[in-house]
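Below is protein11.cif, which holds mmCIF, C-alpha atoms.
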data_final
loop_
_atom_site.group_PDB
_atom_site.id
_atom_site.type_symbol
_atom_site.label_atom_id
_atom_site.label_comp_id
_atom_site.auth_asym_id
_atom_site.auth_seq_id
_atom_site.Cartn_x
_atom_site.Cartn_y
_atom_site.Cartn_z
ATOM 1 C CA MET A 756 0.284 7.176 -40.521
ATOM 2 C CA ALA A 757 -2.067 4.223 -40.165
ATOM 3 C CA ILE A 758 0.145 2.764 -37.440
ATOM 4 C CA GLU A 759 0.010 6.024 -35.466
ATOM 5 C CA LYS A 760 -3.766 6.156 -35.887
ATOM 6 C CA ASN A 761 -4.152 2.564 -34.668
ATOM 7 C CA ALA A 762 -1.881 3.268 -31.689
ATOM 8 C CA ALA A 763 -3.962 6.338 -30.819
ATOM 9 C CA GLN A 764 -7.159 4.290 -31.033
ATOM 10 C CA VAL A 765 -5.723 1.601 -28.759
ATOM 11 C CA LYS A 766 -4.647 4.215 -26.240
ATOM 12 C CA THR A 767 -8.036 5.904 -26.342
ATOM 13 C CA GLN A 768 -9.767 2.568 -25.745
ATOM 14 C CA GLY A 769 -7.407 1.878 -22.875
ATOM 15 C CA GLN A 770 -8.081 5.278 -21.349
ATOM 16 C CA ARG A 771 -11.815 4.669 -21.582
ATOM 17 C CA MET A 772 -11.341 1.362 -19.793
ATOM 18 C CA ALA A 773 -9.157 3.002 -17.123
ATOM 19 C CA ASP A 774 -11.829 5.651 -16.547
ATOM 20 C CA SER A 775 -14.751 3.234 -16.762
ATOM 21 C CA ARG A 776 -17.291 2.367 -14.115
ATOM 22 C CA ALA A 777 -15.779 -1.119 -13.900
ATOM 23 C CA MET A 778 -12.355 0.290 -13.017
ATOM 24 C CA GLU A 779 -13.970 2.582 -10.447
ATOM 25 C CA VAL A 780 -15.517 -0.465 -8.760
ATOM 26 C CA THR A 781 -12.164 -2.251 -9.018
ATOM 27 C CA ALA A 782 -10.465 0.637 -7.217
ATOM 28 C CA ARG A 783 -13.008 0.628 -4.411
ATOM 29 C CA VAL A 784 -12.737 -3.140 -3.937
ATOM 30 C CA GLY A 785 -8.948 -2.829 -3.832
ATOM 31 C CA LEU A 786 -9.102 -0.071 -1.224
ATOM 32 C CA CYS A 787 -11.335 -2.254 0.955
ATOM 33 C CA ALA A 788 -8.782 -5.083 0.716
ATOM 34 C CA ARG A 789 -6.044 -2.655 1.733
ATOM 35 C CA GLY A 790 -8.177 -1.611 4.677
ATOM 36 C CA VAL A 791 -8.588 -5.202 5.853
ATOM 37 C CA ILE A 792 -4.827 -5.811 5.752
ATOM 38 C CA TYR A 793 -3.907 -2.656 7.685
ATOM 39 C CA VAL A 794 -6.641 -3.065 10.303
ATOM 40 C CA LEU A 795 -5.518 -6.624 11.044
ATOM 41 C CA VAL A 796 -1.826 -5.663 11.113
ATOM 42 C CA GLY A 797 -2.645 -2.791 13.454
ATOM 43 C CA LEU A 798 -4.642 -5.028 15.799
ATOM 44 C CA LEU A 799 -1.862 -7.636 15.885
ATOM 45 C CA ALA A 800 0.733 -4.965 16.645
ATOM 46 C CA VAL A 801 -1.439 -3.482 19.414
ATOM 47 C CA ARG A 802 -1.649 -6.914 21.046
ATOM 48 C CA ILE A 803 2.139 -7.244 20.863
ATOM 49 C CA GLY A 804 2.527 -3.774 22.352
ATOM 50 C CA PHE A 805 0.408 -4.765 25.333
ATOM 51 C CA GLY A 806 2.479 -7.923 25.820
ATOM 52 C CA ASP A 807 -0.029 -10.384 24.350
ATOM 53 C CA ASP A 808 2.136 -12.319 21.902
ATOM 54 C CA SER A 809 0.735 -15.725 22.781
ATOM 55 C CA GLY A 810 -0.683 -16.265 19.310
ATOM 56 C CA GLY A 811 2.780 -16.126 17.784
ATOM 57 C CA LYS A 812 1.567 -14.104 14.789
ATOM 58 C CA GLU A 813 3.764 -11.504 13.139
ATOM 59 C CA ALA A 814 2.402 -7.972 12.898
ATOM 60 C CA ASP A 815 2.634 -7.964 9.117
ATOM 61 C CA ARG A 816 0.883 -9.325 6.052
ATOM 62 C CA SER A 817 1.623 -12.950 6.942
ATOM 63 C CA GLY A 818 0.128 -12.482 10.402
ATOM 64 C CA ALA A 819 -2.965 -10.867 8.936
ATOM 65 C CA VAL A 820 -3.378 -13.738 6.471
ATOM 66 C CA ARG A 821 -3.016 -16.316 9.228
ATOM 67 C CA THR A 822 -5.649 -14.510 11.269
ATOM 68 C CA ILE A 823 -8.095 -14.614 8.358
ATOM 69 C CA ALA A 824 -7.317 -18.270 7.632
ATOM 70 C CA GLU A 825 -8.210 -19.243 11.213
ATOM 71 C CA GLN A 826 -11.692 -17.780 10.978
ATOM 72 C CA PRO A 827 -14.795 -19.797 10.019
ATOM 73 C CA PHE A 828 -14.861 -20.120 6.223
ATOM 74 C CA GLY A 829 -11.260 -18.915 6.305
ATOM 75 C CA ARG A 830 -10.413 -20.169 2.826
ATOM 76 C CA VAL A 831 -13.413 -18.360 1.340
ATOM 77 C CA LEU A 832 -12.336 -15.168 3.099
ATOM 78 C CA LEU A 833 -8.798 -15.592 1.777
ATOM 79 C CA TRP A 834 -10.054 -15.918 -1.798
ATOM 80 C CA ALA A 835 -12.153 -12.783 -1.286
ATOM 81 C CA LEU A 836 -8.978 -11.023 -0.140
ATOM 82 C CA VAL A 837 -7.141 -12.344 -3.223
ATOM 83 C CA VAL A 838 -9.804 -10.764 -5.433
ATOM 84 C CA GLY A 839 -9.492 -7.479 -3.570
ATOM 85 C CA LEU A 840 -5.692 -7.413 -3.781
ATOM 86 C CA ALA A 841 -5.815 -8.312 -7.464
ATOM 87 C CA ALA A 842 -8.242 -5.435 -7.967
ATOM 88 C CA MET A 843 -5.838 -3.102 -6.166
ATOM 89 C CA ALA A 844 -2.939 -4.192 -8.370
ATOM 90 C CA LEU A 845 -4.992 -3.889 -11.555
ATOM 91 C CA TRP A 846 -6.228 -0.410 -10.643
ATOM 92 C CA ARG A 847 -2.731 0.860 -9.888
ATOM 93 C CA LEU A 848 -1.398 -0.745 -13.058
ATOM 94 C CA SER A 849 -4.010 1.122 -15.108
ATOM 95 C CA GLU A 850 -2.845 4.347 -13.438
ATOM 96 C CA ALA A 851 0.766 3.529 -14.341
ATOM 97 C CA VAL A 852 -0.166 2.993 -17.989
ATOM 98 C CA PHE A 853 -2.752 5.736 -18.530
ATOM 99 C CA GLY A 854 -2.145 8.117 -15.617
ATOM 100 C CA GLN A 855 -4.252 8.858 -12.582
ATOM 101 C CA ALA A 856 -7.699 10.297 -13.196
ATOM 102 C CA THR A 857 -6.959 13.405 -11.131
ATOM 103 C CA ALA A 858 -5.319 16.744 -11.853
ATOM 104 C CA GLY A 859 -1.561 16.249 -12.277
ATOM 105 C CA GLY A 860 -1.933 12.474 -12.293
ATOM 106 C CA ASP A 861 -0.284 12.047 -15.689
ATOM 107 C CA THR A 862 3.287 12.862 -14.598
ATOM 108 C CA TRP A 863 6.003 10.230 -14.829
ATOM 109 C CA THR A 864 6.540 10.314 -11.047
ATOM 110 C CA ARG A 865 2.886 9.492 -10.411
ATOM 111 C CA ARG A 866 2.980 6.742 -13.035
ATOM 112 C CA LEU A 867 6.148 5.256 -11.552
ATOM 113 C CA GLY A 868 4.667 5.392 -8.061
ATOM 114 C CA SER A 869 1.510 3.638 -9.262
ATOM 115 C CA LEU A 870 3.641 0.951 -10.951
ATOM 116 C CA GLY A 871 5.545 0.315 -7.736
ATOM 117 C CA ILE A 872 2.311 -0.006 -5.756
ATOM 118 C CA ALA A 873 0.878 -2.329 -8.429
ATOM 119 C CA VAL A 874 3.880 -4.645 -8.169
ATOM 120 C CA PHE A 875 3.725 -4.542 -4.359
ATOM 121 C CA TYR A 876 0.082 -5.608 -4.209
ATOM 122 C CA ALA A 877 0.538 -8.159 -6.996
ATOM 123 C CA VAL A 878 3.249 -9.883 -4.931
ATOM 124 C CA ILE A 879 1.012 -9.869 -1.845
ATOM 125 C CA CYS A 880 -1.875 -11.185 -3.932
ATOM 126 C CA VAL A 881 0.203 -14.127 -5.171
ATOM 127 C CA GLY A 882 1.272 -14.931 -1.605
ATOM 128 C CA VAL A 883 -2.289 -14.902 -0.289
ATOM 129 C CA ALA A 884 -3.429 -17.024 -3.249
ATOM 130 C CA GLN A 885 -0.757 -19.611 -2.429
ATOM 131 C CA THR A 886 -2.001 -19.687 1.157
ATOM 132 C CA ALA A 887 -5.598 -20.113 0.000
ATOM 133 C CA LEU A 888 -4.592 -22.996 -2.291
ATOM 134 C CA VAL A 889 -2.814 -24.999 0.415
ATOM 135 C CA GLY A 890 -5.366 -24.060 3.073
ATOM 136 C CA GLY A 891 -4.938 -22.622 6.538
ATOM 137 C CA SER A 892 -1.719 -20.823 7.369
ATOM 138 C CA ALA A 893 0.632 -23.402 5.874
ATOM 139 C CA GLY A 894 1.459 -21.192 2.947
ATOM 140 C CA THR A 895 2.275 -18.068 4.907
ATOM 141 C CA ARG A 896 5.796 -16.939 5.512
ATOM 142 C CA ALA A 897 7.052 -14.286 7.912
ATOM 143 C CA GLY A 898 7.852 -11.011 6.221
ATOM 144 C CA ASP A 899 11.010 -10.589 8.307
ATOM 145 C CA GLU A 900 12.371 -13.926 7.073
ATOM 146 C CA SER A 901 11.612 -12.981 3.468
ATOM 147 C CA SER A 902 13.203 -9.540 3.848
ATOM 148 C CA LYS A 903 16.460 -10.999 5.131
ATOM 149 C CA GLU A 904 16.557 -13.720 2.477
ATOM 150 C CA TYR A 905 15.921 -11.309 -0.403
ATOM 151 C CA THR A 906 18.453 -8.843 1.002
ATOM 152 C CA ALA A 907 21.074 -11.586 1.289
ATOM 153 C CA ARG A 908 20.486 -12.634 -2.313
ATOM 154 C CA VAL A 909 20.793 -9.118 -3.682
ATOM 155 C CA LEU A 910 23.926 -8.425 -1.623
ATOM 156 C CA GLU A 911 25.600 -11.299 -3.472
ATOM 157 C CA TRP A 912 24.989 -9.642 -6.855
ATOM 158 C CA PRO A 913 27.551 -7.410 -8.538
ATOM 159 C CA LEU A 914 26.881 -3.947 -7.111
ATOM 160 C CA GLY A 915 24.330 -5.635 -4.844
ATOM 161 C CA ARG A 916 25.421 -3.517 -1.908
ATOM 162 C CA VAL A 917 24.691 -0.376 -3.919
ATOM 163 C CA LEU A 918 21.289 -1.681 -5.016
ATOM 164 C CA VAL A 919 20.254 -2.559 -1.463
ATOM 165 C CA GLY A 920 21.441 0.803 -0.190
ATOM 166 C CA ALA A 921 19.623 2.635 -2.973
ATOM 167 C CA PHE A 922 16.420 0.728 -2.243
ATOM 168 C CA GLY A 923 16.647 1.545 1.449
ATOM 169 C CA ALA A 924 17.294 5.212 0.721
ATOM 170 C CA VAL A 925 14.393 5.408 -1.729
ATOM 171 C CA LEU A 926 12.058 3.719 0.754
ATOM 172 C CA ALA A 927 13.076 6.167 3.476
ATOM 173 C CA ILE A 928 12.573 9.137 1.136
ATOM 174 C CA VAL A 929 9.158 7.824 0.087
ATOM 175 C CA GLY A 930 8.257 7.581 3.759
ATOM 176 C CA VAL A 931 9.236 11.205 4.308
ATOM 177 C CA VAL A 932 7.142 12.252 1.298
ATOM 178 C CA ILE A 933 4.156 10.335 2.675
ATOM 179 C CA VAL A 934 4.493 12.100 6.023
ATOM 180 C CA VAL A 935 4.746 15.532 4.390
ATOM 181 C CA ARG A 936 1.805 14.926 2.052
ATOM 182 C CA SER A 937 -0.254 13.653 4.982
ATOM 183 C CA LEU A 938 0.533 16.759 7.011
ATOM 184 C CA MET A 939 -0.501 18.897 4.042
ATOM 185 C CA ARG A 940 -3.683 16.777 3.712
ATOM 186 C CA LYS A 941 -3.030 16.179 0.028
ATOM 187 C CA PHE A 942 -5.167 13.043 0.230
ATOM 188 C CA GLU A 943 -8.307 15.179 0.410
ATOM 189 C CA LYS A 944 -7.871 16.108 -3.262
ATOM 190 C CA ASN A 945 -8.886 12.558 -4.150
ATOM 191 C CA LEU A 946 -12.034 12.577 -2.022
ATOM 192 C CA ARG A 947 -15.548 13.860 -2.645
ATOM 193 C CA THR A 948 -15.440 16.050 0.437
ATOM 194 C CA GLY A 949 -18.406 18.073 -0.808
ATOM 195 C CA GLU A 950 -20.638 15.076 -0.169
ATOM 196 C CA MET A 951 -19.525 14.797 3.470
ATOM 197 C CA SER A 952 -21.040 16.534 6.446
ATOM 198 C CA PRO A 953 -18.643 18.834 8.345
ATOM 199 C CA THR A 954 -18.291 16.253 11.108
ATOM 200 C CA THR A 955 -17.633 13.405 8.673
ATOM 201 C CA ARG A 956 -15.075 15.487 6.815
ATOM 202 C CA ARG A 957 -13.177 16.201 10.032
ATOM 203 C CA ILE A 958 -13.199 12.526 10.997
ATOM 204 C CA VAL A 959 -12.003 11.361 7.580
ATOM 205 C CA ALA A 960 -9.330 14.074 7.514
ATOM 206 C CA GLY A 961 -8.126 12.978 10.943
ATOM 207 C CA LEU A 962 -7.979 9.332 9.874
ATOM 208 C CA GLY A 963 -6.042 10.219 6.722
ATOM 209 C CA LEU A 964 -3.643 12.488 8.600
ATOM 210 C CA VAL A 965 -2.837 10.080 11.437
ATOM 211 C CA GLY A 966 -2.876 6.952 9.276
ATOM 212 C CA GLY A 967 -0.737 8.473 6.546
ATOM 213 C CA MET A 968 1.847 9.744 9.022
ATOM 214 C CA ALA A 969 2.049 6.321 10.685
ATOM 215 C CA CYS A 970 2.622 4.592 7.328
ATOM 216 C CA GLY A 971 5.242 7.167 6.416
ATOM 217 C CA VAL A 972 7.158 6.779 9.671
ATOM 218 C CA VAL A 973 7.137 2.986 9.397
ATOM 219 C CA ALA A 974 8.407 3.246 5.796
ATOM 220 C CA VAL A 975 11.221 5.574 6.899
ATOM 221 C CA VAL A 976 12.364 3.248 9.680
ATOM 222 C CA THR A 977 12.145 0.177 7.429
ATOM 223 C CA GLY A 978 14.168 1.967 4.769
ATOM 224 C CA LEU A 979 16.831 2.918 7.297
ATOM 225 C CA PHE A 980 17.157 -0.715 8.385
ATOM 226 C CA VAL A 981 17.641 -1.781 4.754
ATOM 227 C CA LEU A 982 20.211 0.990 4.288
ATOM 228 C CA LEU A 983 22.000 -0.219 7.420
ATOM 229 C CA ALA A 984 22.090 -3.742 5.977
ATOM 230 C CA ALA A 985 23.894 -2.366 2.923
ATOM 231 C CA VAL A 986 26.347 -0.278 4.946
ATOM 232 C CA ARG A 987 27.253 -3.170 7.251
ATOM 233 C CA PHE A 988 26.962 -5.779 4.478
ATOM 234 C CA ASP A 989 24.747 -7.775 6.829
ATOM 235 C CA PRO A 990 21.305 -8.990 5.600
ATOM 236 C CA ASN A 991 20.253 -9.618 9.207
ATOM 237 C CA GLN A 992 20.007 -5.854 9.633
ATOM 238 C CA ALA A 993 17.098 -5.760 7.173
ATOM 239 C CA ARG A 994 13.725 -6.002 8.843
ATOM 240 C CA GLY A 995 10.193 -6.589 7.715
ATOM 241 C CA LEU A 996 7.184 -4.792 9.095
ATOM 242 C CA ASP A 997 6.905 -7.002 12.185
ATOM 243 C CA GLN A 998 10.478 -6.471 13.401
ATOM 244 C CA THR A 999 10.340 -2.807 12.438
ATOM 245 C CA LEU A 1000 7.334 -2.315 14.693
ATOM 246 C CA ARG A 1001 8.904 -4.369 17.472
ATOM 247 C CA SER A 1002 12.011 -2.182 17.281
ATOM 248 C CA PHE A 1003 9.870 0.732 18.444
ATOM 249 C CA ALA A 1004 9.460 -1.063 21.775
ATOM 250 C CA ALA A 1005 13.254 -0.939 22.231
ATOM 251 C CA THR A 1006 13.228 2.875 22.370
ATOM 252 C CA PRO A 1007 13.389 4.753 25.705
ATOM 253 C CA VAL A 1008 9.597 5.145 25.741
ATOM 254 C CA GLY A 1009 9.177 1.378 25.509
ATOM 255 C CA PRO A 1010 6.001 -0.173 24.091
ATOM 256 C CA VAL A 1011 4.223 3.191 24.013
ATOM 257 C CA LEU A 1012 5.774 4.024 20.639
ATOM 258 C CA LEU A 1013 4.936 0.553 19.307
ATOM 259 C CA ILE A 1014 1.292 0.920 20.368
ATOM 260 C CA ALA A 1015 1.134 4.407 18.828
ATOM 261 C CA ALA A 1016 2.494 3.117 15.515
ATOM 262 C CA ALA A 1017 0.132 0.132 15.638
ATOM 263 C CA LEU A 1018 -2.877 2.366 16.227
ATOM 264 C CA GLY A 1019 -1.695 4.556 13.355
ATOM 265 C CA LEU A 1020 -1.663 1.603 10.965
ATOM 266 C CA LEU A 1021 -5.096 0.548 12.202
ATOM 267 C CA VAL A 1022 -6.339 4.089 11.589
ATOM 268 C CA PHE A 1023 -4.937 3.975 8.056
ATOM 269 C CA GLY A 1024 -6.946 0.807 7.497
ATOM 270 C CA LEU A 1025 -10.093 2.641 8.592
ATOM 271 C CA TYR A 1026 -9.197 5.537 6.292
ATOM 272 C CA SER A 1027 -8.903 3.053 3.422
ATOM 273 C CA PHE A 1028 -12.558 2.146 3.889
ATOM 274 C CA CYS A 1029 -13.453 5.851 3.874
ATOM 275 C CA GLU A 1030 -11.454 6.351 0.685
ATOM 276 C CA ALA A 1031 -13.279 3.415 -0.887
ATOM 277 C CA ARG A 1032 -16.544 5.163 -0.051
ATOM 278 C CA TRP A 1033 -15.709 8.723 -1.058
ATOM 279 C CA ARG A 1034 -12.848 8.490 -3.555
ATOM 280 C CA LYS A 1035 -13.499 10.584 -6.652
ATOM 281 C CA ALA A 1036 -14.545 8.644 -9.697
ATOM 282 C CA PRO A 1037 -13.242 9.804 -13.118
ATOM 283 C CA GLU A 1038 -16.519 11.533 -13.884
ATOM 284 C CA HIS A 1039 -16.153 13.633 -10.751
ATOM 285 C CA ASP A 1040 -12.722 14.789 -11.901
ATOM 286 C CA ALA A 1041 -13.723 15.464 -15.475
ATOM 287 C CA SER A 1042 -12.733 19.041 -16.102
ATOM 288 C CA ALA A 1043 -12.332 20.850 -19.368
ATOM 289 C CA ASP A 1044 -8.587 20.455 -19.367
ATOM 290 C CA GLN A 1045 -8.441 16.764 -18.356
ATOM 291 C CA PRO A 1046 -9.424 15.255 -21.726
ATOM 292 C CA ALA A 1047 -7.328 17.840 -23.517
ATOM 293 C CA SER A 1048 -4.247 17.080 -21.465
ATOM 294 C CA ARG A 1049 -4.651 13.349 -22.071
ATOM 295 C CA GLY A 1050 -5.355 13.767 -25.742
ATOM 296 C CA ALA A 1051 -2.165 15.764 -26.156
ATOM 297 C CA ASP A 1052 -0.018 12.853 -24.996
#
Just give me the structure as C-alpha cells.
Amino acid sequence: MAIEKNAAQVKTQGQRMADSRAMEVTARVGLCARGVIYVLVGLLAVRIGFGDDSGGKEADRSGAVRTIAEQPFGRVLLWALVVGLAAMALWRLSEAVFGQATAGGDTWTRRLGSLGIAVFYAVICVGVAQTALVGGSAGTRAGDESSKEYTARVLEWPLGRVLVGAFGAVLAIVGVVIVVRSLMRKFEKNLRTGEMSPTTRRIVAGLGLVGGMACGVVAVVTGLFVLLAAVRFDPNQARGLDQTLRSFAATPVGPVLLIAAALGLLVFGLYSFCEARWRKAPEHDASADQPASRGAD
C-alpha cells in the first residue's frame, strides 16, 4: 500500500513538472529551434531548385548546421540551437511519460508518437553538439550518407530486411496521417486561436496547412524509398531528406515540384514560430475532466 502511495506521489510530482511554467517555456524554446531548422532547410532546397548549388550544402539538417556554423559567432549560435533541440526532446519526452496536456493526449498512440519525436530530436541535438565541440562544419555529416549506412547495417541483421521494410512503411503511413490531419486543421486545437485576430488566424492556419502537408508528403516519399531499399535489398535506395527533395526534380514537372516542397518546409518553419507564440499552455487546457482523467490513470 505504501509503495502504491509513493508511486502515485512520484507520478503526481512528475505531472506537475510536465505541466509547469518551466516546461511550457521549454516547449516554446524547442518549437523555435524546430523553426530554425526547417526554415534553413527550406531555403537551401529553394536554392537547389533554382539551380544554385554552388555552396555544396545538403538540403537537410547537416546543411542547416553548416549554414549556422559559417555565420559570425557560429559556434555560439550552434550551442543556442543545441539548447533548443534539447528542450524539444525534453518536452516531447515529458509528453511520452505523462501524456500531452490537451484533450485526448493521454492515449498510448500519442505517447508513442511523442517518444519517437523525442528520440529524433535527441539524436539531432547530439549531432549538433558534436559539431559545436569541434567547431565549424567539421562535425557535420550528410543525412543521405547516414541513411544509407544505417540501412546497410540493419539489412545485415537477422530479419533486417523486414525491419527496414516495416520502418519505411510506418514512416509512409505517418506521412499520410500528417497530411490528413493538416487538411483537417487538427493543429488548431493546440493553439490559442481566441487570442488571434481574424487575419492572424487565417495566416497561421494557412501556414500550418501548407507546412504540415509538405512535411507529410516528404515523409511519405522518404518512407517509400526506405521500403524500396528493403524490397530490393539495396541500402543505396534509402535516401535522406536532401536526396528525397532532389528526387522531386526528376519528375516530369522538373524543379517546380522541388521548389514547391522546399517552400512548404520553409512555411512549416514559420508555422513553428507561430506555434511557439500561441501554443496552449497547460493552464489554458485545464478543464474539469483533465485532472480527473489523469488522476484515474
Compile a residue-level contact table for range 923-981 of chain A against range 995-1006 of chain A at a cut-off of 9 Å, reporting for every qualifying residue the shortest atom pair and its distance in Å to one decimal, with all atoms listed in the file counted, rows ordered by chain and ascending number, as a Markdown table.
| residue | atom | partner | partner_atom | distance |
| --- | --- | --- | --- | --- |
| A:Val973 | CA | A:Thr999 | CA | 7.3 |
| A:Ala974 | CA | A:Leu996 | CA | 8.8 |
| A:Val976 | CA | A:Thr999 | CA | 7.0 |
| A:Thr977 | CA | A:Thr999 | CA | 6.1 |
| A:Phe980 | CA | A:Thr999 | CA | 8.2 |
key: Residues returned when the PyMOL selection byres ((chain A and resi 845) around 10) runs on this file, as a list in words   = Ala773, Met778, Thr781, Ala782, Gly785, Gly839, Leu840, Ala841, Ala842, Met843, Ala844, Trp846, Arg847, Leu848, Ser849, Glu850, Ala851, Leu870, Ala873, Val874, Tyr876 and Ala877 of chain A
Box along x, y and z, 6 Å on every side, all listed atoms of range 783-790 of chain A inside: centre and edge lengths in Å to one decimal, as JSON.
{"center_x": -9.5, "center_y": -2.2, "center_z": 0.1, "size_x": 19.0, "size_y": 17.7, "size_z": 21.1}
Answer key for the PyMOL selection byres ((chain A and resi 911-923) around 9), residues as a list in words =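 Selected by the PyMOL selection byres ((chain A and resi 911-923) around 9) here: Thr906, Ala907, Arg908, Val909, Leu910, Ala924, Val925, Leu926, Ala927, Ile928, Val975, Thr977, Gly978, Leu979, Phe980, Val981, Leu982, Leu983, Ala984, Ala985, Val986 and Phe988 of chain A.
Closest approach to Gly797 in chain A from the set A:Gly966, A:Lys941, A:Tyr905, A:Asp989 is made by A:Gly966, with distances taken over all atoms listed in the file.
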task = Identify which of the residues A:Leu888, A:Val780, A:Val1011, A:Val959 lies closest to Arg940 in chain A, counting all atoms listed in the file when measuring atom-to-atom distances.
result =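 Once distances to Arg940 in chain A are computed over all atoms listed in the file, the minimum belongs to A:Val959.
With CA of Arg830 in chain A on one side and CA of Gly818 in chain A on the other, the separation reads 15.1 Å.
You will find CA of Lys903 in chain A at 5.7 Å from CA of Asn991 in chain A.
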Atomic separation - CA of Ala993 in chain A relative to CA of Pro1007 in chain A, Å =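 Those two atoms sit 21.6 Å apart.
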request  = Determine the residue membership of the PyMOL selection byres ((chain A and resi 1019) around 10) for the file above and supply it as a ChimeraX atom specification.
outcome  = /A:793-794,797,962-970,972-973,1013-1018,1020-1025
inquiry  = I want to know what sits within 8 Å of Ala884 in chain A, based on all atoms listed in the file, with residues of the same chain fewer than 4 positions away left out; could you give that as a list in words?
reply    =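 The contact residues come out as Leu833, Trp834, Val837, Cys880 and Leu888 of chain A.
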inquiry  = What's around Trp1033 in chain A at 9 Å? Count all atoms listed in the file, leave out sequence neighbours fewer than 4 positions away in its own chain, and write the answer as a ChimeraX atom specification.
reply    = /A:945-948,950-951,1028-1029
task = Would you mind telling me which residue in A:Val929, A:Ala1031, A:Ala788, A:Ile803 lies nearest to Leu832 in chain A when using all atoms listed in the file?
result =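 Answer, going by the shortest atom-to-atom distance: A:Ala788.
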Within 9 Å of (-9.4, -13.8, 5.0), all atoms listed in the file: residues as an mmCIF file with C-alpha atoms, in the coordinates of the input?
data_model
loop_
_atom_site.group_PDB
_atom_site.id
_atom_site.type_symbol
_atom_site.label_atom_id
_atom_site.label_comp_id
_atom_site.auth_asym_id
_atom_site.auth_seq_id
_atom_site.Cartn_x
_atom_site.Cartn_y
_atom_site.Cartn_z
ATOM 1 C CA VAL A 791 -8.588 -5.202 5.853
ATOM 2 C CA ALA A 819 -2.965 -10.867 8.936
ATOM 3 C CA VAL A 820 -3.378 -13.738 6.471
ATOM 4 C CA ARG A 821 -3.016 -16.316 9.228
ATOM 5 C CA THR A 822 -5.649 -14.510 11.269
ATOM 6 C CA ILE A 823 -8.095 -14.614 8.358
ATOM 7 C CA ALA A 824 -7.317 -18.270 7.632
ATOM 8 C CA GLU A 825 -8.210 -19.243 11.213
ATOM 9 C CA GLN A 826 -11.692 -17.780 10.978
ATOM 10 C CA PHE A 828 -14.861 -20.120 6.223
ATOM 11 C CA GLY A 829 -11.260 -18.915 6.305
ATOM 12 C CA ARG A 830 -10.413 -20.169 2.826
ATOM 13 C CA VAL A 831 -13.413 -18.360 1.340
ATOM 14 C CA LEU A 832 -12.336 -15.168 3.099
ATOM 15 C CA LEU A 833 -8.798 -15.592 1.777
ATOM 16 C CA TRP A 834 -10.054 -15.918 -1.798
ATOM 17 C CA ALA A 835 -12.153 -12.783 -1.286
ATOM 18 C CA LEU A 836 -8.978 -11.023 -0.140
ATOM 19 C CA VAL A 837 -7.141 -12.344 -3.223
ATOM 20 C CA VAL A 883 -2.289 -14.902 -0.289
ATOM 21 C CA ALA A 887 -5.598 -20.113 0.000
#
query = Taking only C-alpha atoms into account, which of A:Asp807, A:Val852, A:Glu779, A:Arg816 comes nearest Leu795 in chain A?
reply = A:Arg816
